[in-house]
Amino acid sequence: MLEAKDLTKKYEDGLLALDHLNFKVEPGEIFCMFGANGAGKTTAINLFLGFIPPSEGTALIEGVDVVKEPLKSKEYVSFVSENVMLYDNFTAYQNLDYFSKLAGKRNLTKSDYAQVMKQVGLQEEAYDMRTKNFSKGMRQKLGIAVAILKDAPNLILDEPTSGLDPKSGQEFLDLILELKGEGKSIFISSHDIFRAKYIADRVGFMLQGKLVMMKTQKELRGEDLNKLYVEYMQEHSFAE
Ligand SMILES: Nc1ncnc2c1ncn2[C@@H]1O[C@H](COP(=O)(O)OP(=O)(O)OP(=O)(O)O)[C@@H](O)[C@H]1O
Ligand SMILES: [Mg+2]
């Protein structure tokens, strides 16, 4: 489970990037957060991962406070960044081996790695290729493979479909649904309303650091999510 309690971030320059954010992502649930550029989505993710300290409030991963127990909280979460960090002189296999061992998975074999690369839709020619030659989408796929191998109960994804071609994007959604089926709590920041609306159990709109709307799939039934987003963004910007 992922939980934000009044999570707030004021950067050193005084900018209030995140203003008392509250949400919960239960096991087997997908929460999609949408918002304009600069709305605070990556800031929220960086707080969960302990990359930056909060100014106020708490981020909990499996009930573990990420500030009080940073190492323990990280055991329970996998993260796929928009720009996946890899060891570019390593091949795809070597990257999976390195990151899996780092995550404490010592018994995985080359065929486990091959299987997960197939699962994420990476083409076979790429398995032995150094990742410095990977395209953005290939990097994202390998990042998702790393996350799957870690097998943590929580998954945080920052704009995971931004580099994927349409077919890979669709396959990615199926993969996320599979992970949801395994009972994982999944947080996705995205600009891709069209795709995300098919998988989200809960949808949130961020505007200038505030969560201005949060609705469940059921509450959104029959709504045009794209239209709703535009309306919220206009309404709330004028209200500022
Ligand atoms: N390290 C930092 N220092 C100061 N301000 C920052 C820092 N990182 C982000 N910001 C500011 O915080 C605000 C929120 O940024 P954030 O990256 O969280 O937005 P985002 O919702 O992820 O946007 P995008 O959709 O473009 O990825 C922006 O105004 C940004 O300029
Ligand atoms: Mg961002």
# chains A, B, ... in the order shown; residues from 1 in each chain; ligands from 1
>>> residues_near_ligand(ligand="ligand 2", cutoff="8 Å", atoms="only C-alpha atoms and all ligand atoms", output="JSON, numbers by chain")
{"A": [37, 38, 40, 41, 42, 43, 82, 158, 159, 189]}
>>> residues_near_ligand(ligand="ligand 1", cutoff="12 Å", atoms="only C-alpha atoms and all ligand atoms", output="CSV table (one decimal) with all heavy atoms, in the first residue's frame")
chain,number,residue,atom,x,y,z
A,8,THR,N,3.8,17.5,1.6
A,8,THR,CA,4.0,18.9,1.2
A,8,THR,C,5.5,19.1,0.8
A,8,THR,O,6.3,18.7,1.6
A,8,THR,CB,3.6,19.9,2.3
A,8,THR,OG1,2.2,19.7,2.6
A,8,THR,CG2,3.8,21.3,1.9
A,9,LYS,N,5.7,19.8,-0.3
A,9,LYS,CA,7.1,20.2,-0.6
A,9,LYS,C,7.2,21.6,-1.0
A,9,LYS,O,6.6,22.1,-2.0
A,9,LYS,CB,7.6,19.3,-1.7
A,9,LYS,CG,9.0,19.6,-2.1
A,9,LYS,CD,10.0,19.3,-1.0
A,9,LYS,CE,11.4,19.7,-1.3
A,9,LYS,NZ,12.4,19.3,-0.2
A,10,LYS,N,8.0,22.4,-0.2
A,10,LYS,CA,8.4,23.7,-0.6
A,10,LYS,C,9.8,23.7,-1.0
A,10,LYS,O,10.7,23.3,-0.1
A,10,LYS,CB,8.1,24.6,0.6
A,10,LYS,CG,8.0,26.1,0.2
A,10,LYS,CD,7.5,26.9,1.4
A,10,LYS,CE,6.9,28.2,1.0
A,10,LYS,NZ,6.3,28.9,2.1
A,11,TYR,N,10.2,24.0,-2.2
A,11,TYR,CA,11.6,24.0,-2.6
A,11,TYR,C,12.3,25.2,-2.0
A,11,TYR,O,11.7,26.1,-1.5
A,11,TYR,CB,11.8,24.0,-4.1
A,11,TYR,CG,11.5,22.6,-4.7
A,11,TYR,CD1,10.3,22.4,-5.5
A,11,TYR,CD2,12.3,21.5,-4.5
A,11,TYR,CE1,10.1,21.2,-6.1
A,11,TYR,CE2,12.1,20.3,-5.1
A,11,TYR,CZ,10.9,20.1,-5.9
A,11,TYR,OH,10.7,18.9,-6.4
A,12,GLU,N,13.6,25.1,-2.0
A,12,GLU,CA,14.5,26.1,-1.3
A,12,GLU,C,14.1,27.5,-1.8
A,12,GLU,O,14.2,28.5,-1.1
A,12,GLU,CB,16.0,25.8,-1.5
A,12,GLU,CG,16.5,24.6,-0.8
A,12,GLU,CD,16.0,23.3,-1.3
A,12,GLU,OE1,15.5,23.2,-2.5
A,12,GLU,OE2,16.0,22.3,-0.5
A,13,ASP,N,13.8,27.6,-3.1
A,13,ASP,CA,13.5,28.9,-3.7
A,13,ASP,C,12.1,29.4,-3.3
A,13,ASP,O,11.6,30.5,-3.8
A,13,ASP,CB,13.6,28.9,-5.2
A,13,ASP,CG,12.7,27.8,-5.9
A,13,ASP,OD1,11.9,27.2,-5.1
A,13,ASP,OD2,12.9,27.6,-7.1
A,14,GLY,N,11.4,28.7,-2.4
A,14,GLY,CA,10.1,29.2,-1.9
A,14,GLY,C,8.9,28.6,-2.7
A,14,GLY,O,7.8,28.8,-2.3
A,15,LEU,N,9.2,27.9,-3.8
A,15,LEU,CA,8.0,27.4,-4.6
A,15,LEU,C,7.3,26.2,-3.9
A,15,LEU,O,8.0,25.3,-3.5
A,15,LEU,CB,8.6,26.9,-5.9
A,15,LEU,CG,7.4,26.4,-6.8
A,15,LEU,CD1,6.9,27.5,-7.7
A,15,LEU,CD2,7.9,25.2,-7.6
A,16,LEU,N,6.0,26.4,-3.7
A,16,LEU,CA,5.2,25.3,-3.1
A,16,LEU,C,4.8,24.4,-4.2
A,16,LEU,O,3.8,24.5,-4.9
A,16,LEU,CB,4.0,25.9,-2.4
A,16,LEU,CG,3.1,25.0,-1.6
A,16,LEU,CD1,3.9,24.4,-0.4
A,16,LEU,CD2,1.9,25.8,-1.0
A,17,ALA,N,5.6,23.3,-4.4
A,17,ALA,CA,5.4,22.4,-5.5
A,17,ALA,C,4.4,21.4,-5.2
A,17,ALA,O,3.7,20.8,-6.1
A,17,ALA,CB,6.7,21.7,-5.9
A,18,LEU,N,4.2,21.1,-3.9
A,18,LEU,CA,3.2,20.1,-3.5
A,18,LEU,C,2.5,20.6,-2.2
A,18,LEU,O,3.2,20.9,-1.2
A,18,LEU,CB,3.9,18.7,-3.2
A,18,LEU,CG,3.0,17.5,-3.4
A,18,LEU,CD1,2.5,17.4,-4.8
A,18,LEU,CD2,3.8,16.3,-3.0
A,19,ASP,N,1.2,20.6,-2.2
A,19,ASP,CA,0.5,21.3,-1.1
A,19,ASP,C,-0.5,20.3,-0.5
A,19,ASP,O,-1.6,20.1,-1.0
A,19,ASP,CB,-0.3,22.5,-1.7
A,19,ASP,CG,-0.9,23.3,-0.7
A,19,ASP,OD1,-0.8,23.1,0.5
A,19,ASP,OD2,-1.5,24.3,-1.1
A,33,MET,N,-2.3,9.5,-11.8
A,33,MET,CA,-2.3,11.0,-11.5
A,33,MET,C,-2.0,11.7,-12.8
A,33,MET,O,-1.0,11.5,-13.5
A,33,MET,CB,-1.3,11.3,-10.5
A,33,MET,CG,-1.3,12.7,-10.0
A,33,MET,SD,0.1,12.9,-8.8
A,33,MET,CE,-0.8,12.7,-7.3
A,34,PHE,N,-2.9,12.7,-13.1
A,34,PHE,CA,-2.7,13.5,-14.3
A,34,PHE,C,-2.4,14.9,-13.8
A,34,PHE,O,-2.8,15.3,-12.7
A,34,PHE,CB,-3.9,13.5,-15.2
A,34,PHE,CG,-4.3,12.2,-15.7
A,34,PHE,CD1,-5.4,11.5,-15.2
A,34,PHE,CD2,-3.5,11.6,-16.7
A,34,PHE,CE1,-5.7,10.2,-15.7
A,34,PHE,CE2,-3.9,10.3,-17.2
A,34,PHE,CZ,-5.0,9.6,-16.7
A,35,GLY,N,-1.9,15.7,-14.7
A,35,GLY,CA,-1.6,17.1,-14.4
A,35,GLY,C,-0.7,17.8,-15.4
A,35,GLY,O,0.0,17.1,-16.0
A,36,ALA,N,-0.8,19.1,-15.4
A,36,ALA,CA,0.0,19.9,-16.4
A,36,ALA,C,1.5,19.7,-16.1
A,36,ALA,O,1.8,19.3,-15.0
A,36,ALA,CB,-0.4,21.3,-16.3
A,37,ASN,N,2.3,20.1,-17.0
A,37,ASN,CA,3.7,20.2,-16.7
A,37,ASN,C,4.0,21.1,-15.5
A,37,ASN,O,3.4,22.2,-15.4
A,37,ASN,CB,4.5,20.8,-17.9
A,37,ASN,CG,4.4,19.9,-19.1
A,37,ASN,OD1,3.9,20.3,-20.2
A,37,ASN,ND2,4.7,18.6,-19.0
A,38,GLY,N,4.8,20.6,-14.6
A,38,GLY,CA,5.1,21.4,-13.4
A,38,GLY,C,4.0,21.4,-12.3
A,38,GLY,O,4.1,22.1,-11.3
A,39,ALA,N,3.0,20.5,-12.4
A,39,ALA,CA,1.9,20.4,-11.4
A,39,ALA,C,2.4,19.8,-10.1
A,39,ALA,O,1.8,19.9,-9.1
A,39,ALA,CB,0.8,19.6,-12.0
A,40,GLY,N,3.5,19.0,-10.1
A,40,GLY,CA,4.0,18.4,-8.9
A,40,GLY,C,4.0,16.9,-8.9
A,40,GLY,O,4.3,16.3,-7.8
A,41,LYS,N,3.8,16.3,-10.0
A,41,LYS,CA,3.7,14.8,-10.0
A,41,LYS,C,5.0,14.1,-9.7
A,41,LYS,O,5.1,13.3,-8.8
A,41,LYS,CB,3.2,14.3,-11.4
A,41,LYS,CG,1.9,14.9,-11.8
A,41,LYS,CD,1.4,14.5,-13.2
A,41,LYS,CE,2.3,14.9,-14.3
A,41,LYS,NZ,2.4,16.4,-14.5
A,42,THR,N,6.1,14.6,-10.4
A,42,THR,CA,7.4,14.0,-10.1
A,42,THR,C,7.9,14.3,-8.7
A,42,THR,O,8.5,13.5,-8.1
A,42,THR,CB,8.4,14.5,-11.2
A,42,THR,OG1,7.9,14.0,-12.5
A,42,THR,CG2,9.8,13.9,-11.0
A,43,THR,N,7.5,15.5,-8.3
A,43,THR,CA,7.9,15.9,-6.9
A,43,THR,C,7.3,14.9,-5.9
A,43,THR,O,8.0,14.4,-5.0
A,43,THR,CB,7.4,17.3,-6.6
A,43,THR,OG1,8.0,18.2,-7.5
A,43,THR,CG2,7.6,17.7,-5.1
A,44,ALA,N,6.0,14.6,-6.1
A,44,ALA,CA,5.4,13.6,-5.2
A,44,ALA,C,6.1,12.2,-5.3
A,44,ALA,O,6.4,11.6,-4.2
A,44,ALA,CB,3.9,13.4,-5.6
A,45,ILE,N,6.5,11.8,-6.5
A,45,ILE,CA,7.2,10.5,-6.6
A,45,ILE,C,8.6,10.6,-5.9
A,45,ILE,O,9.0,9.7,-5.2
A,45,ILE,CB,7.3,10.2,-8.1
A,45,ILE,CG1,6.0,9.8,-8.7
A,45,ILE,CG2,8.4,9.1,-8.3
A,45,ILE,CD1,5.9,9.6,-10.2
A,46,ASN,N,9.3,11.7,-6.1
A,46,ASN,CA,10.6,11.9,-5.5
A,46,ASN,C,10.5,11.8,-4.0
A,46,ASN,O,11.5,11.4,-3.3
A,46,ASN,CB,11.3,13.2,-6.0
A,46,ASN,CG,11.7,13.1,-7.4
A,46,ASN,OD1,11.9,12.0,-8.0
A,46,ASN,ND2,12.0,14.2,-8.1
A,47,LEU,N,9.4,12.3,-3.5
A,47,LEU,CA,9.2,12.3,-2.0
A,47,LEU,C,9.0,10.8,-1.6
A,47,LEU,O,9.6,10.4,-0.5
A,47,LEU,CB,8.0,13.1,-1.6
A,47,LEU,CG,8.3,14.6,-1.7
A,47,LEU,CD1,6.9,15.4,-1.6
A,47,LEU,CD2,9.2,15.1,-0.6
A,51,PHE,N,14.1,10.7,-2.5
A,51,PHE,CA,15.2,11.5,-3.2
A,51,PHE,C,15.3,12.9,-2.6
A,51,PHE,O,16.3,13.5,-2.7
A,51,PHE,CB,14.8,11.5,-4.7
A,51,PHE,CG,14.9,10.2,-5.4
A,51,PHE,CD1,14.2,10.0,-6.6
A,51,PHE,CD2,15.7,9.2,-4.9
A,51,PHE,CE1,14.3,8.8,-7.3
A,51,PHE,CE2,15.8,8.0,-5.6
A,51,PHE,CZ,15.1,7.8,-6.8
A,52,ILE,N,14.1,13.4,-2.1
A,52,ILE,CA,14.1,14.7,-1.5
A,52,ILE,C,13.3,14.6,-0.2
A,52,ILE,O,12.4,13.8,-0.1
A,52,ILE,CB,13.5,15.8,-2.5
A,52,ILE,CG1,12.1,15.3,-3.0
A,52,ILE,CG2,14.4,16.1,-3.6
A,52,ILE,CD1,11.3,16.4,-3.8
A,53,PRO,N,13.6,15.5,0.8
A,53,PRO,CA,12.8,15.4,2.0
A,53,PRO,C,11.5,16.2,1.9
A,53,PRO,O,11.5,17.3,1.2
A,53,PRO,CB,13.8,16.0,3.0
A,53,PRO,CG,14.6,17.0,2.2
A,53,PRO,CD,14.7,16.4,0.8
A,81,SER,N,11.4,5.1,-13.8
A,81,SER,CA,11.5,6.5,-14.1
A,81,SER,C,11.2,6.8,-15.6
A,81,SER,O,11.3,5.9,-16.4
A,81,SER,CB,12.9,7.0,-13.8
A,81,SER,OG,13.4,8.0,-14.6
A,82,GLU,N,10.9,8.1,-15.8
A,82,GLU,CA,10.7,8.5,-17.2
A,82,GLU,C,11.9,8.3,-18.0
A,82,GLU,O,11.9,7.9,-19.2
A,82,GLU,CB,10.2,9.9,-17.2
A,82,GLU,CG,9.8,10.4,-18.6
A,82,GLU,CD,9.7,11.9,-18.6
A,82,GLU,OE1,9.9,12.6,-17.6
A,82,GLU,OE2,9.3,12.4,-19.6
A,83,ASN,N,13.1,8.5,-17.4
A,83,ASN,CA,14.4,8.3,-18.0
A,83,ASN,C,15.1,7.2,-17.3
A,83,ASN,O,15.8,7.5,-16.3
A,83,ASN,CB,15.2,9.6,-18.0
A,83,ASN,CG,14.5,10.7,-18.7
A,83,ASN,OD1,14.2,10.6,-19.9
A,83,ASN,ND2,14.1,11.8,-18.0
A,157,LEU,N,5.4,4.5,-11.2
A,157,LEU,CA,5.8,4.7,-12.6
A,157,LEU,C,5.6,6.2,-13.0
A,157,LEU,O,4.5,6.7,-12.8
A,157,LEU,CB,5.0,3.8,-13.5
A,157,LEU,CG,5.0,2.3,-13.2
A,157,LEU,CD1,3.6,1.7,-13.4
A,157,LEU,CD2,6.0,1.6,-14.0
A,158,ASP,N,6.7,6.8,-13.4
A,158,ASP,CA,6.6,8.2,-13.8
A,158,ASP,C,6.6,8.3,-15.4
A,158,ASP,O,7.5,8.0,-16.0
A,158,ASP,CB,7.8,9.0,-13.3
A,158,ASP,CG,7.6,10.5,-13.3
A,158,ASP,OD1,6.5,10.9,-13.7
A,158,ASP,OD2,8.5,11.2,-12.9
A,159,GLU,N,5.4,8.6,-15.9
A,159,GLU,CA,5.2,8.7,-17.3
A,159,GLU,C,5.7,7.5,-18.1
A,159,GLU,O,6.6,7.6,-19.0
A,159,GLU,CB,5.8,10.0,-17.9
A,159,GLU,CG,5.1,11.2,-17.2
A,159,GLU,CD,5.5,12.5,-17.8
A,159,GLU,OE1,5.9,12.5,-19.0
A,159,GLU,OE2,5.4,13.5,-17.1
A,160,PRO,N,5.3,6.3,-17.7
A,160,PRO,CA,5.8,5.1,-18.2
A,160,PRO,C,5.6,4.8,-19.7
A,160,PRO,O,6.3,4.1,-20.4
A,160,PRO,CB,5.1,4.0,-17.4
A,160,PRO,CG,3.8,4.6,-17.0
A,160,PRO,CD,4.1,6.1,-16.8
A,162,SER,N,5.5,7.2,-22.1
A,162,SER,CA,5.9,8.3,-22.9
A,162,SER,C,6.8,8.0,-24.1
A,162,SER,O,6.8,8.6,-25.1
A,162,SER,CB,6.5,9.4,-22.1
A,162,SER,OG,7.7,9.0,-21.5
A,188,ILE,N,0.7,5.6,-11.0
A,188,ILE,CA,1.2,6.0,-12.3
A,188,ILE,C,1.0,7.6,-12.5
A,188,ILE,O,-0.1,8.0,-12.4
A,188,ILE,CB,0.5,5.3,-13.5
A,188,ILE,CG1,0.6,3.8,-13.3
A,188,ILE,CG2,1.0,5.7,-14.8
A,188,ILE,CD1,-0.2,3.0,-14.4
A,189,SER,N,2.1,8.3,-12.9
A,189,SER,CA,1.9,9.6,-13.3
A,189,SER,C,1.9,9.6,-14.8
A,189,SER,O,2.7,8.9,-15.4
A,189,SER,CB,3.0,10.5,-12.8
A,189,SER,OG,3.9,10.9,-13.8
A,190,SER,N,1.0,10.3,-15.4
A,190,SER,CA,0.9,10.2,-16.9
A,190,SER,C,0.3,11.4,-17.5
A,190,SER,O,-0.4,12.3,-16.8
A,190,SER,CB,0.0,9.0,-17.2
A,190,SER,OG,-0.1,8.8,-18.6
A,191,HIS,N,0.5,11.6,-18.8
A,191,HIS,CA,-0.2,12.6,-19.6
A,191,HIS,C,-1.1,11.9,-20.5
A,191,HIS,O,-1.8,12.5,-21.3
A,191,HIS,CB,0.8,13.4,-20.4
A,191,HIS,CG,1.7,14.3,-19.6
A,191,HIS,ND1,1.1,15.3,-18.8
A,191,HIS,CD2,3.0,14.4,-19.3
A,191,HIS,CE1,2.1,16.0,-18.2
A,191,HIS,NE2,3.2,15.4,-18.5
A,192,ASP,N,-1.1,10.6,-20.5
A,192,ASP,CA,-1.8,9.8,-21.5
A,192,ASP,C,-3.2,9.4,-21.0
A,192,ASP,O,-3.4,8.2,-20.6
A,192,ASP,CB,-1.0,8.6,-21.8
A,192,ASP,CG,-1.5,7.8,-23.0
A,192,ASP,OD1,-2.6,8.1,-23.5
A,192,ASP,OD2,-0.7,7.0,-23.5
A,205,PHE,N,-6.4,14.5,-10.5
A,205,PHE,CA,-5.9,15.6,-11.3
A,205,PHE,C,-5.1,16.5,-10.4
A,205,PHE,O,-5.6,17.0,-9.4
A,205,PHE,CB,-7.1,16.5,-11.9
A,205,PHE,CG,-7.9,15.8,-12.9
A,205,PHE,CD1,-9.1,16.3,-13.3
A,205,PHE,CD2,-7.4,14.6,-13.6
A,205,PHE,CE1,-9.9,15.6,-14.3
A,205,PHE,CE2,-8.2,14.0,-14.6
A,205,PHE,CZ,-9.5,14.5,-14.9
A,206,MET,N,-3.9,16.8,-10.8
A,206,MET,CA,-3.1,17.8,-10.0
A,206,MET,C,-3.0,19.1,-10.7
A,206,MET,O,-2.9,19.2,-12.0
A,206,MET,CB,-1.6,17.2,-10.0
A,206,MET,CG,-1.4,16.0,-9.1
A,206,MET,SD,-1.4,16.4,-7.4
A,206,MET,CE,0.1,17.4,-7.3
A,207,LEU,N,-3.1,20.2,-10.0
A,207,LEU,CA,-2.9,21.5,-10.5
A,207,LEU,C,-2.2,22.3,-9.5
A,207,LEU,O,-2.6,22.5,-8.3
A,207,LEU,CB,-4.3,22.1,-10.8
A,207,LEU,CG,-4.3,23.5,-11.4
A,207,LEU,CD1,-3.8,23.5,-12.8
A,207,LEU,CD2,-5.7,24.1,-11.4
A,208,GLN,N,-1.0,22.9,-9.9
A,208,GLN,CA,-0.2,23.7,-9.1
A,208,GLN,C,0.0,23.1,-7.7
A,208,GLN,O,-0.3,23.8,-6.7
A,208,GLN,CB,-0.8,25.1,-9.0
A,208,GLN,CG,-0.7,25.8,-10.4
A,208,GLN,CD,-1.7,27.0,-10.5
A,208,GLN,OE1,-2.3,27.4,-9.5
A,208,GLN,NE2,-1.8,27.5,-11.7
A,209,GLY,N,0.4,21.9,-7.6
A,209,GLY,CA,0.7,21.3,-6.3
A,209,GLY,C,-0.5,20.7,-5.5
A,209,GLY,O,-0.3,20.1,-4.5
A,210,LYS,N,-1.7,21.0,-6.1
A,210,LYS,CA,-2.9,20.5,-5.3
A,210,LYS,C,-3.6,19.4,-6.1
A,210,LYS,O,-3.7,19.5,-7.3
A,210,LYS,CB,-3.9,21.6,-5.1
A,210,LYS,CG,-3.4,22.6,-4.1
A,210,LYS,CD,-4.6,23.5,-3.7
A,210,LYS,CE,-4.3,24.6,-2.7
A,210,LYS,NZ,-3.7,25.8,-3.4
A,211,LEU,N,-4.1,18.4,-5.4
A,211,LEU,CA,-4.9,17.4,-6.0
A,211,LEU,C,-6.3,18.0,-6.0
A,211,LEU,O,-7.0,18.1,-5.0
A,211,LEU,CB,-4.9,16.1,-5.1
A,211,LEU,CG,-5.5,14.9,-5.7
A,211,LEU,CD1,-4.8,14.4,-7.0
A,211,LEU,CD2,-5.4,13.7,-4.7
>>> select_by_dssp(residues="segment 2-237 of chain A", states="helix (DSSP H, G or I)", output="JSON, numbers by chain")
{"A": [41, 42, 43, 44, 45, 46, 47, 48, 70, 71, 72, 73, 74, 75, 92, 93, 94, 95, 96, 97, 98, 99, 100, 101, 102, 110, 111, 112, 113, 114, 115, 116, 117, 118, 119, 124, 125, 126, 131, 132, 133, 136, 137, 138, 139, 140, 141, 142, 143, 144, 145, 146, 147, 148, 149, 150, 166, 167, 168, 169, 170, 171, 172, 173, 174, 175, 176, 177, 178, 179, 180, 181, 193, 194, 195, 196, 217, 218, 219, 220, 225, 226, 227, 228, 229, 230, 231, 232, 233, 234, 235, 236, 237]}
>>> closest_residue(among="A:Gln170, A:Gln234, A:Ser100, A:Thr109", to="Val212 of chain A", atoms="only C-alpha atoms")
A:Gln234
>>> residues_around(residues="Glu3 of chain A", least_positions_apart="5", cutoff="6 Å", atoms="only C-alpha atoms", output="MDAnalysis selection string")
chainID A and resid 23:24 59:60
>>> decode(residues="segment 103-130 of chain A", atoms="N, CA and C atoms", output="PDB file, in the first residue's frame")
ATOM      1  N   ALA A 103      18.777  -5.767  -5.701  1.00  0.00           N
ATOM      2  CA  ALA A 103      17.491  -5.869  -5.004  1.00  0.00           C
ATOM      3  C   ALA A 103      17.412  -7.158  -4.166  1.00  0.00           C
ATOM      4  N   GLY A 104      18.526  -7.858  -4.076  1.00  0.00           N
ATOM      5  CA  GLY A 104      18.567  -9.031  -3.206  1.00  0.00           C
ATOM      6  C   GLY A 104      18.085 -10.328  -3.837  1.00  0.00           C
ATOM      7  N   LYS A 105      17.870 -10.313  -5.168  1.00  0.00           N
ATOM      8  CA  LYS A 105      17.423 -11.536  -5.863  1.00  0.00           C
ATOM      9  C   LYS A 105      18.666 -12.236  -6.413  1.00  0.00           C
ATOM     10  N   ARG A 106      19.095 -13.283  -5.737  1.00  0.00           N
ATOM     11  CA  ARG A 106      20.374 -13.894  -6.091  1.00  0.00           C
ATOM     12  C   ARG A 106      20.225 -15.170  -6.920  1.00  0.00           C
ATOM     13  N   ASN A 107      19.011 -15.683  -7.021  1.00  0.00           N
ATOM     14  CA  ASN A 107      18.860 -16.998  -7.658  1.00  0.00           C
ATOM     15  C   ASN A 107      18.313 -16.971  -9.076  1.00  0.00           C
ATOM     16  N   LEU A 108      18.332 -15.800  -9.697  1.00  0.00           N
ATOM     17  CA  LEU A 108      17.748 -15.717 -11.034  1.00  0.00           C
ATOM     18  C   LEU A 108      18.749 -16.188 -12.090  1.00  0.00           C
ATOM     19  N   THR A 109      18.221 -16.820 -13.131  1.00  0.00           N
ATOM     20  CA  THR A 109      19.090 -17.349 -14.189  1.00  0.00           C
ATOM     21  C   THR A 109      18.905 -16.542 -15.472  1.00  0.00           C
ATOM     22  N   LYS A 110      19.762 -16.826 -16.421  1.00  0.00           N
ATOM     23  CA  LYS A 110      19.684 -16.142 -17.704  1.00  0.00           C
ATOM     24  C   LYS A 110      18.307 -16.371 -18.348  1.00  0.00           C
ATOM     25  N   SER A 111      17.756 -17.545 -18.158  1.00  0.00           N
ATOM     26  CA  SER A 111      16.450 -17.801 -18.782  1.00  0.00           C
ATOM     27  C   SER A 111      15.333 -17.022 -18.065  1.00  0.00           C
ATOM     28  N   ASP A 112      15.495 -16.754 -16.760  1.00  0.00           N
ATOM     29  CA  ASP A 112      14.533 -15.859 -16.084  1.00  0.00           C
ATOM     30  C   ASP A 112      14.587 -14.467 -16.715  1.00  0.00           C
ATOM     31  N   TYR A 113      15.815 -14.016 -16.974  1.00  0.00           N
ATOM     32  CA  TYR A 113      15.969 -12.678 -17.572  1.00  0.00           C
ATOM     33  C   TYR A 113      15.359 -12.645 -18.975  1.00  0.00           C
ATOM     34  N   ALA A 114      15.609 -13.705 -19.732  1.00  0.00           N
ATOM     35  CA  ALA A 114      15.074 -13.762 -21.098  1.00  0.00           C
ATOM     36  C   ALA A 114      13.540 -13.751 -21.052  1.00  0.00           C
ATOM     37  N   GLN A 115      13.007 -14.484 -20.095  1.00  0.00           N
ATOM     38  CA  GLN A 115      11.549 -14.576 -19.991  1.00  0.00           C
ATOM     39  C   GLN A 115      10.913 -13.211 -19.694  1.00  0.00           C
ATOM     40  N   VAL A 116      11.529 -12.478 -18.770  1.00  0.00           N
ATOM     41  CA  VAL A 116      10.944 -11.184 -18.410  1.00  0.00           C
ATOM     42  C   VAL A 116      11.128 -10.167 -19.542  1.00  0.00           C
ATOM     43  N   MET A 117      12.218 -10.290 -20.282  1.00  0.00           N
ATOM     44  CA  MET A 117      12.401  -9.364 -21.416  1.00  0.00           C
ATOM     45  C   MET A 117      11.380  -9.644 -22.510  1.00  0.00           C
ATOM     46  N   LYS A 118      11.037 -10.909 -22.633  1.00  0.00           N
ATOM     47  CA  LYS A 118       9.988 -11.273 -23.581  1.00  0.00           C
ATOM     48  C   LYS A 118       8.648 -10.715 -23.096  1.00  0.00           C
ATOM     49  N   GLN A 119       8.407 -10.881 -21.796  1.00  0.00           N
ATOM     50  CA  GLN A 119       7.158 -10.415 -21.186  1.00  0.00           C
ATOM     51  C   GLN A 119       6.934  -8.905 -21.406  1.00  0.00           C
ATOM     52  N   VAL A 120       8.012  -8.113 -21.331  1.00  0.00           N
ATOM     53  CA  VAL A 120       7.858  -6.667 -21.523  1.00  0.00           C
ATOM     54  C   VAL A 120       7.934  -6.267 -22.997  1.00  0.00           C
ATOM     55  N   GLY A 121       8.147  -7.242 -23.869  1.00  0.00           N
ATOM     56  CA  GLY A 121       8.085  -6.963 -25.303  1.00  0.00           C
ATOM     57  C   GLY A 121       9.371  -6.425 -25.901  1.00  0.00           C
ATOM     58  N   LEU A 122      10.486  -6.700 -25.237  1.00  0.00           N
ATOM     59  CA  LEU A 122      11.769  -6.280 -25.810  1.00  0.00           C
ATOM     60  C   LEU A 122      12.170  -7.285 -26.892  1.00  0.00           C
ATOM     61  N   GLN A 123      12.595  -6.776 -28.039  1.00  0.00           N
ATOM     62  CA  GLN A 123      12.940  -7.682 -29.131  1.00  0.00           C
ATOM     63  C   GLN A 123      14.201  -8.476 -28.793  1.00  0.00           C
ATOM     64  N   GLU A 124      14.242  -9.708 -29.263  1.00  0.00           N
ATOM     65  CA  GLU A 124      15.309 -10.642 -28.869  1.00  0.00           C
ATOM     66  C   GLU A 124      16.715 -10.146 -29.223  1.00  0.00           C
ATOM     67  N   GLU A 125      16.832  -9.438 -30.337  1.00  0.00           N
ATOM     68  CA  GLU A 125      18.150  -8.933 -30.746  1.00  0.00           C
ATOM     69  C   GLU A 125      18.745  -8.008 -29.684  1.00  0.00           C
ATOM     70  N   ALA A 126      17.875  -7.460 -28.826  1.00  0.00           N
ATOM     71  CA  ALA A 126      18.347  -6.455 -27.868  1.00  0.00           C
ATOM     72  C   ALA A 126      18.919  -7.069 -26.590  1.00  0.00           C
ATOM     73  N   TYR A 127      18.653  -8.352 -26.360  1.00  0.00           N
ATOM     74  CA  TYR A 127      19.051  -8.953 -25.077  1.00  0.00           C
ATOM     75  C   TYR A 127      20.556  -8.844 -24.814  1.00  0.00           C
ATOM     76  N   ASP A 128      21.346  -9.009 -25.890  1.00  0.00           N
ATOM     77  CA  ASP A 128      22.804  -8.992 -25.734  1.00  0.00           C
ATOM     78  C   ASP A 128      23.425  -7.670 -26.172  1.00  0.00           C
ATOM     79  N   MET A 129      22.571  -6.686 -26.394  1.00  0.00           N
ATOM     80  CA  MET A 129      23.062  -5.392 -26.881  1.00  0.00           C
ATOM     81  C   MET A 129      23.419  -4.514 -25.680  1.00  0.00           C
ATOM     82  N   ARG A 130      24.461  -3.706 -25.811  1.00  0.00           N
ATOM     83  CA  ARG A 130      24.765  -2.731 -24.758  1.00  0.00           C
ATOM     84  C   ARG A 130      23.649  -1.690 -24.743  1.00  0.00           C
TER      85      ARG A 130
END
